[in-house]
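J.: mmCIF, C-alpha atoms (C1' of nucleotides), saved as data_3.cif, coming up:
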```cif
data_start
#
loop_
_atom_site.label_atom_id
_atom_site.label_comp_id
_atom_site.auth_asym_id
_atom_site.auth_seq_id
_atom_site.Cartn_x
_atom_site.Cartn_y
_atom_site.Cartn_z
CA MET A 1 1.35 13.22 10.43
CA LEU A 2 2.56 9.69 9.92
CA PRO A 3 2.87 8.46 6.31
CA LYS A 4 -0.16 6.70 4.90
CA VAL A 5 1.65 3.49 4.04
CA LEU A 6 2.97 3.19 7.57
CA VAL A 7 -0.50 3.74 8.96
CA ALA A 8 -1.87 1.17 6.54
CA ALA A 9 0.69 -1.35 7.73
CA ALA A 10 -0.28 -0.82 11.35
CA VAL A 11 -4.06 -0.82 11.01
CA ARG A 12 -4.58 -4.55 11.39
CA PRO A 13 -2.15 -5.19 14.25
CA ILE A 14 -3.48 -2.21 16.16
CA MET A 15 -7.11 -3.18 15.74
CA LEU A 16 -6.48 -6.77 16.71
CA ALA A 17 -4.41 -5.70 19.70
CA ILE A 18 -7.11 -3.35 20.96
CA LEU A 19 -9.79 -6.00 20.67
CA ALA A 20 -7.48 -8.47 22.39
CA GLN A 21 -7.81 -6.30 25.49
CA GLY A 22 -11.56 -6.76 25.52
CA GLU A 23 -14.58 -6.17 23.32
CA SER A 24 -15.22 -2.70 21.99
CA TYR A 25 -17.13 -0.80 19.30
CA GLY A 26 -16.32 1.59 16.48
CA TYR A 27 -16.34 4.99 18.08
CA GLN A 28 -14.59 3.76 21.20
CA ILE A 29 -11.85 2.15 19.18
CA ILE A 30 -11.18 5.42 17.36
CA GLN A 31 -10.87 7.26 20.65
CA ARG A 32 -8.67 4.62 22.24
CA ILE A 33 -6.30 4.83 19.30
CA HIS A 34 -6.31 8.60 19.43
CA ASP A 35 -5.46 8.68 23.12
CA LEU A 36 -2.97 5.87 22.94
CA SER A 37 -0.97 7.57 20.21
CA ASP A 38 -1.10 11.03 21.78
CA GLY A 39 -3.05 12.23 18.77
CA LYS A 40 -0.55 10.92 16.22
CA LEU A 41 -3.22 8.59 14.91
CA ALA A 42 -6.60 10.16 14.26
CA TRP A 43 -8.65 7.77 12.20
CA SER A 44 -11.95 8.66 10.68
CA ASP A 45 -14.84 6.23 10.87
CA GLY A 46 -14.61 5.85 7.11
CA THR A 47 -11.24 4.25 7.74
CA LEU A 48 -12.30 2.08 10.60
CA TYR A 49 -15.54 0.41 9.61
CA PRO A 50 -14.35 -1.17 6.37
CA VAL A 51 -11.45 -2.66 8.29
CA LEU A 52 -13.74 -4.08 10.96
CA HIS A 53 -15.98 -5.59 8.31
CA ARG A 54 -13.04 -7.14 6.56
CA LEU A 55 -11.72 -8.63 9.80
CA GLU A 56 -15.16 -10.04 10.47
CA GLY A 57 -15.31 -11.49 6.97
CA GLU A 58 -12.03 -13.25 7.67
CA GLY A 59 -13.40 -14.67 10.89
CA LEU A 60 -10.92 -12.82 13.09
CA VAL A 61 -13.57 -10.88 14.99
CA ARG A 62 -17.24 -11.43 15.72
CA SER A 63 -19.85 -8.74 16.34
CA THR A 64 -23.09 -8.41 18.29
CA TRP A 65 -25.55 -5.53 18.52
CA ARG A 66 -26.28 -4.29 22.02
CA MET A 67 -27.74 -1.23 23.72
CA SER A 68 -25.73 1.27 25.70
CA GLU A 69 -27.13 2.63 28.99
CA ALA A 70 -27.89 5.81 27.08
CA GLY A 71 -30.16 3.86 24.79
CA ARG A 72 -28.09 3.91 21.61
CA LYS A 73 -27.39 0.93 19.45
CA ARG A 74 -23.81 -0.23 19.41
CA LYS A 75 -22.09 -3.01 17.53
CA TYR A 76 -19.59 -4.68 19.82
CA TYR A 77 -16.64 -6.52 18.36
CA ARG A 78 -14.58 -9.19 20.05
CA LEU A 79 -11.64 -11.31 18.98
CA THR A 80 -12.06 -14.94 17.93
CA HIS A 81 -9.45 -17.63 18.47
CA ALA A 82 -8.39 -17.19 14.88
CA GLY A 83 -8.08 -13.48 15.62
CA GLN A 84 -5.70 -14.14 18.50
CA ALA A 85 -3.55 -16.30 16.28
CA ALA A 86 -3.61 -13.61 13.59
CA LEU A 87 -2.51 -11.03 16.14
CA ALA A 88 0.44 -13.17 17.16
CA GLN A 89 1.44 -13.49 13.55
CA GLU A 90 1.11 -9.77 12.89
CA GLN A 91 3.36 -9.17 15.90
CA ALA A 92 5.92 -11.62 14.58
CA HIS A 93 5.91 -9.93 11.18
CA TRP A 94 6.31 -6.51 12.69
CA PHE A 95 9.27 -7.61 14.76
CA ASP A 96 10.85 -9.27 11.76
CA MET A 97 10.71 -6.00 9.89
CA HIS A 98 11.84 -4.06 12.93
CA ALA A 99 14.91 -6.27 13.21
CA ILE A 100 15.78 -5.65 9.58
CA LEU A 101 15.49 -1.90 10.01
CA LEU A 102 17.57 -1.94 13.18
CA LYS A 103 20.35 -3.67 11.26
CA LEU A 104 20.34 -0.81 8.82
CA TRP A 105 20.17 1.87 11.49
CA PRO A 106 23.27 1.53 13.63
CA THR A 107 22.35 4.80 15.27
CA PRO A 108 19.13 4.39 17.26
CA PRO A 109 16.13 6.74 17.15
CA GLN A 110 18.10 9.64 15.75
CA LEU A 111 16.23 12.19 17.81
CA ALA A 112 14.86 15.48 16.63
CA LEU A 113 15.91 17.28 13.47
CA THR A 114 12.29 18.28 13.25
CA MET B 1 6.19 -14.03 3.60
CA LEU B 2 5.68 -10.63 5.13
CA PRO B 3 2.39 -8.82 4.41
CA LYS B 4 2.41 -6.50 1.42
CA VAL B 5 1.34 -3.43 3.36
CA LEU B 6 4.15 -3.91 5.83
CA VAL B 7 6.64 -4.27 3.02
CA ALA B 8 5.22 -1.18 1.37
CA ALA B 9 5.68 0.78 4.58
CA ALA B 10 9.32 -0.25 4.82
CA VAL B 11 10.37 0.30 1.22
CA ARG B 12 11.36 3.94 1.54
CA PRO B 13 13.20 3.76 4.87
CA ILE B 14 15.09 0.66 3.75
CA MET B 15 16.14 2.13 0.43
CA LEU B 16 17.23 5.39 1.98
CA ALA B 17 19.12 3.55 4.71
CA ILE B 18 20.98 1.38 2.25
CA LEU B 19 22.01 4.34 0.14
CA ALA B 20 23.05 6.15 3.31
CA GLN B 21 25.77 3.52 3.66
CA GLY B 22 27.22 4.43 0.30
CA GLU B 23 26.22 4.62 -3.34
CA SER B 24 24.79 1.55 -5.01
CA TYR B 25 22.75 0.40 -8.02
CA GLY B 26 19.54 -1.51 -8.65
CA TYR B 27 20.63 -5.13 -8.72
CA GLN B 28 23.04 -4.69 -5.84
CA ILE B 29 20.36 -3.10 -3.71
CA ILE B 30 18.04 -6.03 -4.30
CA GLN B 31 20.75 -8.46 -3.24
CA ARG B 32 21.75 -6.46 -0.19
CA ILE B 33 18.15 -6.43 0.97
CA HIS B 34 17.80 -10.13 0.32
CA ASP B 35 20.91 -10.98 2.34
CA LEU B 36 20.19 -8.52 5.08
CA SER B 37 16.74 -9.93 5.70
CA ASP B 38 17.80 -13.58 5.47
CA GLY B 39 15.59 -13.96 2.44
CA LYS B 40 12.48 -12.55 4.12
CA LEU B 41 12.51 -9.69 1.65
CA ALA B 42 12.94 -10.69 -1.98
CA TRP B 43 12.05 -7.73 -4.14
CA SER B 44 11.71 -7.90 -7.86
CA ASP B 45 13.25 -5.19 -9.99
CA GLY B 46 9.76 -4.15 -11.02
CA THR B 47 9.31 -3.11 -7.40
CA LEU B 48 12.61 -1.40 -7.02
CA TYR B 49 13.09 0.81 -10.05
CA PRO B 50 9.86 2.79 -9.79
CA VAL B 51 10.75 3.54 -6.18
CA LEU B 52 14.23 4.72 -7.14
CA HIS B 53 12.79 6.95 -9.83
CA ARG B 54 10.30 8.43 -7.44
CA LEU B 55 12.99 9.12 -4.86
CA GLU B 56 15.03 10.81 -7.56
CA GLY B 57 12.03 12.86 -8.63
CA GLU B 58 11.71 14.06 -5.05
CA GLY B 59 15.36 15.00 -4.98
CA LEU B 60 16.25 12.50 -2.25
CA VAL B 61 18.73 10.60 -4.41
CA ARG B 62 20.81 11.44 -7.45
CA SER B 63 21.99 9.02 -10.14
CA THR B 64 24.95 8.75 -12.52
CA TRP B 65 25.70 6.20 -15.22
CA ARG B 66 29.05 4.45 -14.93
CA MET B 67 30.75 1.33 -16.23
CA SER B 68 31.54 -1.72 -14.12
CA GLU B 69 34.90 -3.46 -14.52
CA ALA B 70 33.04 -6.13 -16.44
CA GLY B 71 31.98 -3.55 -18.97
CA ARG B 72 28.30 -3.27 -18.16
CA LYS B 73 26.41 -0.05 -17.73
CA ARG B 74 25.22 0.66 -14.24
CA LYS B 75 23.19 3.49 -12.82
CA TYR B 76 24.62 4.40 -9.42
CA TYR B 77 22.42 6.12 -6.88
CA ARG B 78 23.56 8.15 -3.91
CA LEU B 79 21.77 10.06 -1.19
CA THR B 80 21.41 13.83 -1.28
CA HIS B 81 21.29 16.04 1.79
CA ALA B 82 17.53 16.13 1.45
CA GLY B 83 17.64 12.34 1.32
CA GLN B 84 19.50 12.17 4.62
CA ALA B 85 16.93 14.40 6.24
CA ALA B 86 14.15 12.26 4.78
CA LEU B 87 15.79 9.16 6.20
CA ALA B 88 15.92 10.71 9.66
CA GLN B 89 12.25 11.53 9.41
CA GLU B 90 11.32 8.05 8.22
CA GLN B 91 13.19 6.67 11.19
CA ALA B 92 11.34 8.97 13.54
CA HIS B 93 8.00 7.92 12.07
CA TRP B 94 8.84 4.27 12.36
CA PHE B 95 9.80 4.61 16.00
CA ASP B 96 6.65 6.57 16.72
CA MET B 97 4.59 3.71 15.37
CA HIS B 98 6.75 1.15 17.10
CA ALA B 99 6.17 2.88 20.42
CA ILE B 100 2.42 2.81 19.90
CA LEU B 101 2.46 -0.89 19.12
CA LEU B 102 4.64 -1.66 22.12
CA LYS B 103 2.08 0.03 24.34
CA LEU B 104 -0.55 -2.33 23.00
CA TRP B 105 1.67 -5.39 23.28
CA PRO B 106 2.51 -5.78 26.95
CA THR B 107 4.04 -9.14 26.13
CA PRO B 108 7.19 -8.61 24.02
CA PRO B 109 8.01 -10.45 20.78
CA GLN B 110 5.64 -13.30 21.53
CA LEU B 111 7.98 -15.88 20.11
CA ALA B 112 7.05 -18.77 17.90
CA LEU B 113 3.50 -20.03 17.40
CA THR B 114 4.57 -20.40 13.81
"C1'" DA C 1 -36.14 24.05 16.59
"C1'" DA C 2 -31.41 23.89 15.94
"C1'" DC C 3 -27.21 22.10 17.15
"C1'" DT C 4 -23.79 18.86 18.88
"C1'" DA C 5 -22.19 14.33 20.03
"C1'" DT C 6 -22.77 9.65 19.44
"C1'" DA C 7 -23.13 5.75 16.37
"C1'" DC C 8 -23.45 3.32 12.29
"C1'" DC C 9 -22.79 2.86 7.09
"C1'" DT C 10 -21.06 3.24 1.70
"C1'" DC C 11 -18.88 5.00 -2.26
"C1'" DG C 12 -14.95 6.69 -5.17
"C1'" DG C 13 -10.52 8.55 -5.89
"C1'" DG C 14 -5.80 8.07 -5.50
"C1'" DC C 15 -1.50 6.06 -4.18
"C1'" DG C 16 1.75 2.44 -4.68
"C1'" DC C 17 3.50 -2.44 -4.91
"C1'" DC C 18 4.64 -6.01 -8.01
"C1'" DG C 19 4.03 -9.65 -11.59
"C1'" DA C 20 4.54 -9.87 -16.39
"C1'" DG C 21 6.77 -8.49 -20.29
"C1'" DG C 22 10.55 -6.06 -22.90
"C1'" DT C 23 15.59 -4.69 -24.25
"C1'" DA C 24 20.57 -5.35 -24.05
"C1'" DT C 25 25.39 -7.06 -22.93
"C1'" DA C 26 29.04 -10.52 -21.02
"C1'" DG C 27 30.62 -15.00 -20.41
"C1'" DG C 28 30.45 -19.99 -20.49
"C1'" DC C 29 29.26 -24.37 -22.61
"C1'" DT C 30 28.67 -27.45 -26.47
"C1'" DA D 1 27.86 -20.16 -34.13
"C1'" DG D 2 24.09 -21.01 -31.15
"C1'" DC D 3 22.20 -21.27 -26.56
"C1'" DC D 4 21.77 -20.35 -21.85
"C1'" DT D 5 22.43 -17.87 -17.63
"C1'" DA D 6 23.44 -13.81 -15.04
"C1'" DT D 7 23.61 -9.06 -14.99
"C1'" DA D 8 21.36 -4.69 -15.69
"C1'" DC D 9 18.01 -1.56 -16.95
"C1'" DC D 10 13.03 -0.23 -18.02
"C1'" DT D 11 7.38 0.17 -18.36
"C1'" DC D 12 2.65 -1.05 -17.92
"C1'" DG D 13 -1.76 -2.62 -15.62
"C1'" DG D 14 -4.22 -4.69 -12.00
"C1'" DC D 15 -5.26 -5.07 -7.30
"C1'" DG D 16 -5.52 -3.70 -2.48
"C1'" DC D 17 -6.48 -0.36 0.72
"C1'" DC D 18 -6.88 4.12 3.18
"C1'" DC D 19 -9.79 7.96 3.80
"C1'" DG D 20 -12.53 12.16 2.63
"C1'" DA D 21 -17.16 13.10 1.52
"C1'" DG D 22 -21.75 12.10 2.00
"C1'" DG D 23 -25.80 9.66 4.19
"C1'" DT D 24 -29.00 7.89 8.19
"C1'" DA D 25 -30.56 7.91 12.96
"C1'" DT D 26 -31.02 8.85 18.10
"C1'" DA D 27 -30.14 11.50 22.72
"C1'" DG D 28 -29.28 15.49 25.02
"C1'" DT D 29 -28.49 20.42 25.30
"C1'" DT D 30 -29.34 25.32 24.14
#
```
As structure tokens, how would this structure be written, given the file I've shared?

T.:
Amino acid sequence: MLPKVLVAAAVRPIMLAILAQGESYGYQIIQRIHDLSDGKLAWSDGTLYPVLHRLEGEGLVRSTWRMSEAGRKRKYYRLTHAGQAALAQEQAHWFDMHAILLKLWPTPPQLALT
Amino acid sequence: MLPKVLVAAAVRPIMLAILAQGESYGYQIIQRIHDLSDGKLAWSDGTLYPVLHRLEGEGLVRSTWRMSEAGRKRKYYRLTHAGQAALAQEQAHWFDMHAILLKLWPTPPQLALT
DNA sequence: AACTATACCTCGGGCGCCGAGGTATAGGCT
DNA sequence: AGCCTATACCTCGGCGCCCGAGGTATAGTT
């Protein structure tokens, strides 16, 4: 299990990046993240929804209610222009930090030991 | 300025990595981080000391008081074996997350836009 | 009728940074 | 002597944020 702080740091960039690939909704996002990380990230909906609401409050995503073919209500989220800019900035920040860490880690990944 | 959550996620790996290069003390660590990050990371001592104490409480570092040539008391910290193992694990976690993000970011660094 | 999966939501605890404030010594300047 | 800066350590409290627990509702299966 990845440390909480690291997960916390990645929540926003991951969410923005997923929505940058096309609109989606809560449950689907959770599953996409689960698959994408080979199960390393398994977020509960209690984690996800507050984040989505916050992003919406900041104007980075916009939501619309729609019906699925199965007849269930879904709230679809899609990225705004401001959201795309925010994603680019999150990326830049991540790479900044990554560069700093690489300087400190002369030896790459340092496999195994687990 | 880098986001707080991202900084929070990097605190432990950075501290452990710096101490892995040899023993050091509070003020020096702050300066090393400042230089190393080209000023992108400027931690206050109020940030640093609680972290050091926590790491010591977990047995990842050990400290000893010594005198500098100038005659001031300094508390030197150095990594324990457990600390080295912890560092390796932090590295592994970071690279796990990095791999996930890279999957979501087909376009590399995405320079500029700043 | 009961259960599972889908689909949304809120609340509260806990963890952890970090600004503000505190103590103390060494050295330089006036 | 008095003052300032740099060095060097520390603690406390607020704020932000994940995330487990709990709640509501519908569709399909057993």

J.: Give the answer as one residue: which of A:Val5, A:Leu48, A:Ala20, A:Ile14 has the shortest atom-to-atom distance to Ile100 of chain B, using only C-alpha atoms?

T.: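 Closest to Ile100 of chain B of all the choices is A:Ile14.
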
J.: Determine which residues of chain C sit within 12 Å of chain B, taking into account all atoms listed in the file, and present them as a list in words.

T.: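 Written out as asked, the residues are DC15, DG16, DC17, DC18, DG19, DA20, DG21, DA24, DT25, DA26 and DG27 of chain C.
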
J.: Pick out the chain A residues within 7 Å of chain B. Count all atoms listed in the file. Give them as a ChimeraX atom specification.

T.: /A:2,5-6,8-9,14,17-18,36-37,88,91-93,95,100-101,104,109-110

J.: In Å to one decimal, how far is atom CA of Leu52 of chain B from atom CA of Leu79 of chain B?

T.: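 A separation of 11.0 Å between them.
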
J.: Would you mind reading off the distance between atom CA of Tyr77 of chain A and atom CA of Tyr27 of chain A, one decimal, in Å?

T.: 11.5 Å

J.: Could you list, as an mmCIF file with C-alpha atoms (C1' of nucleotides), in the coordinates of the input, every residue matched by the PyMOL selection byres ((chain D) within 7 of (chain A)) in this structure?

T.:
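This went into result.cif:
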```cif
data_model
loop_
_atom_site.group_PDB
_atom_site.id
_atom_site.type_symbol
_atom_site.label_atom_id
_atom_site.label_comp_id
_atom_site.auth_asym_id
_atom_site.auth_seq_id
_atom_site.Cartn_x
_atom_site.Cartn_y
_atom_site.Cartn_z
ATOM 1 C "C1'" DC D 18 -6.880 4.120 3.180
ATOM 2 C "C1'" DC D 19 -9.790 7.960 3.800
ATOM 3 C "C1'" DT D 26 -31.020 8.850 18.100
#
```

J.: By how many Å are atom CA of Ser68 of chain A and atom C1' of DT30 of chain D apart?

T.: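 Result for atom CA of Ser68 of chain A versus atom C1' of DT30 of chain D: 24.4 Å, one decimal.
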
J.: Can you give me, as a list of chain:residue names, the residues this file yields under the PyMOL selection byres ((chain B and resi 26) around 9)?

T.: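 Selected by the PyMOL selection byres ((chain B and resi 26) around 9) in this file: B:Ser24, B:Tyr25, B:Tyr27, B:Gln28, B:Ile29, B:Ile30, B:Gln31, B:Asp45, B:Leu48, B:Tyr49, B:Leu52, B:Arg74, B:Lys75, B:Tyr76, B:Tyr77, D:DA8, D:DC9.
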
J.: Care to translate the PyMOL selection byres ((chain D and resi 24) around 10) into actual residues of this file, as a list in words?

T.: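 Output from the PyMOL selection byres ((chain D and resi 24) around 10), applied to this file: DC8 and DC9 of chain C; DG23 and DA25 of chain D.
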
J.: Show me, as a list in words, the residues that have an atom within 12 Å of DC4 of chain D when counting all atoms listed in the file, minus same-chain residues fewer than 6 positions from it.

T.: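 Everything that qualifies: DG27, DG28, DC29 and DT30 of chain C.
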
J.: Would you list the contacts of Leu60 of chain B as a list in words, taking every protein, DNA or RNA residue within 6 Å and counting all atoms listed in the file, but skipping same-chain residues closer than 6 positions in sequence?

T.: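 Once the nearby chain positions are removed, what remains is Thr80, Ala82 and Gly83 of chain B.
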
J.: Nearest to DT23 of chain C among D:DT11, D:DC17, D:DG22, D:DA27, with distances taken over only C-alpha atoms (C1' of nucleotides): which residue is it?

T.: D:DT11

J.: Kindly extract all protein, DNA and RNA residues lying within 9 Å of the coordinates (-14.3, 7.5, -1.4) given in the file, considering all atoms listed in the file, and supply them as a list in words.

T.: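 Collected hits near the coordinates: Gly46 of chain A; DT10, DC11, DG12 and DG13 of chain C; DC19, DG20 and DA21 of chain D.
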
J.: Which residues come within 12 Å of DT29 of chain D, counting all atoms listed in the file, excluding same-chain residues fewer than 5 positions away, as a list in words?

T.: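 Everything that qualifies: DA2, DC3, DT4 and DA5 of chain C.
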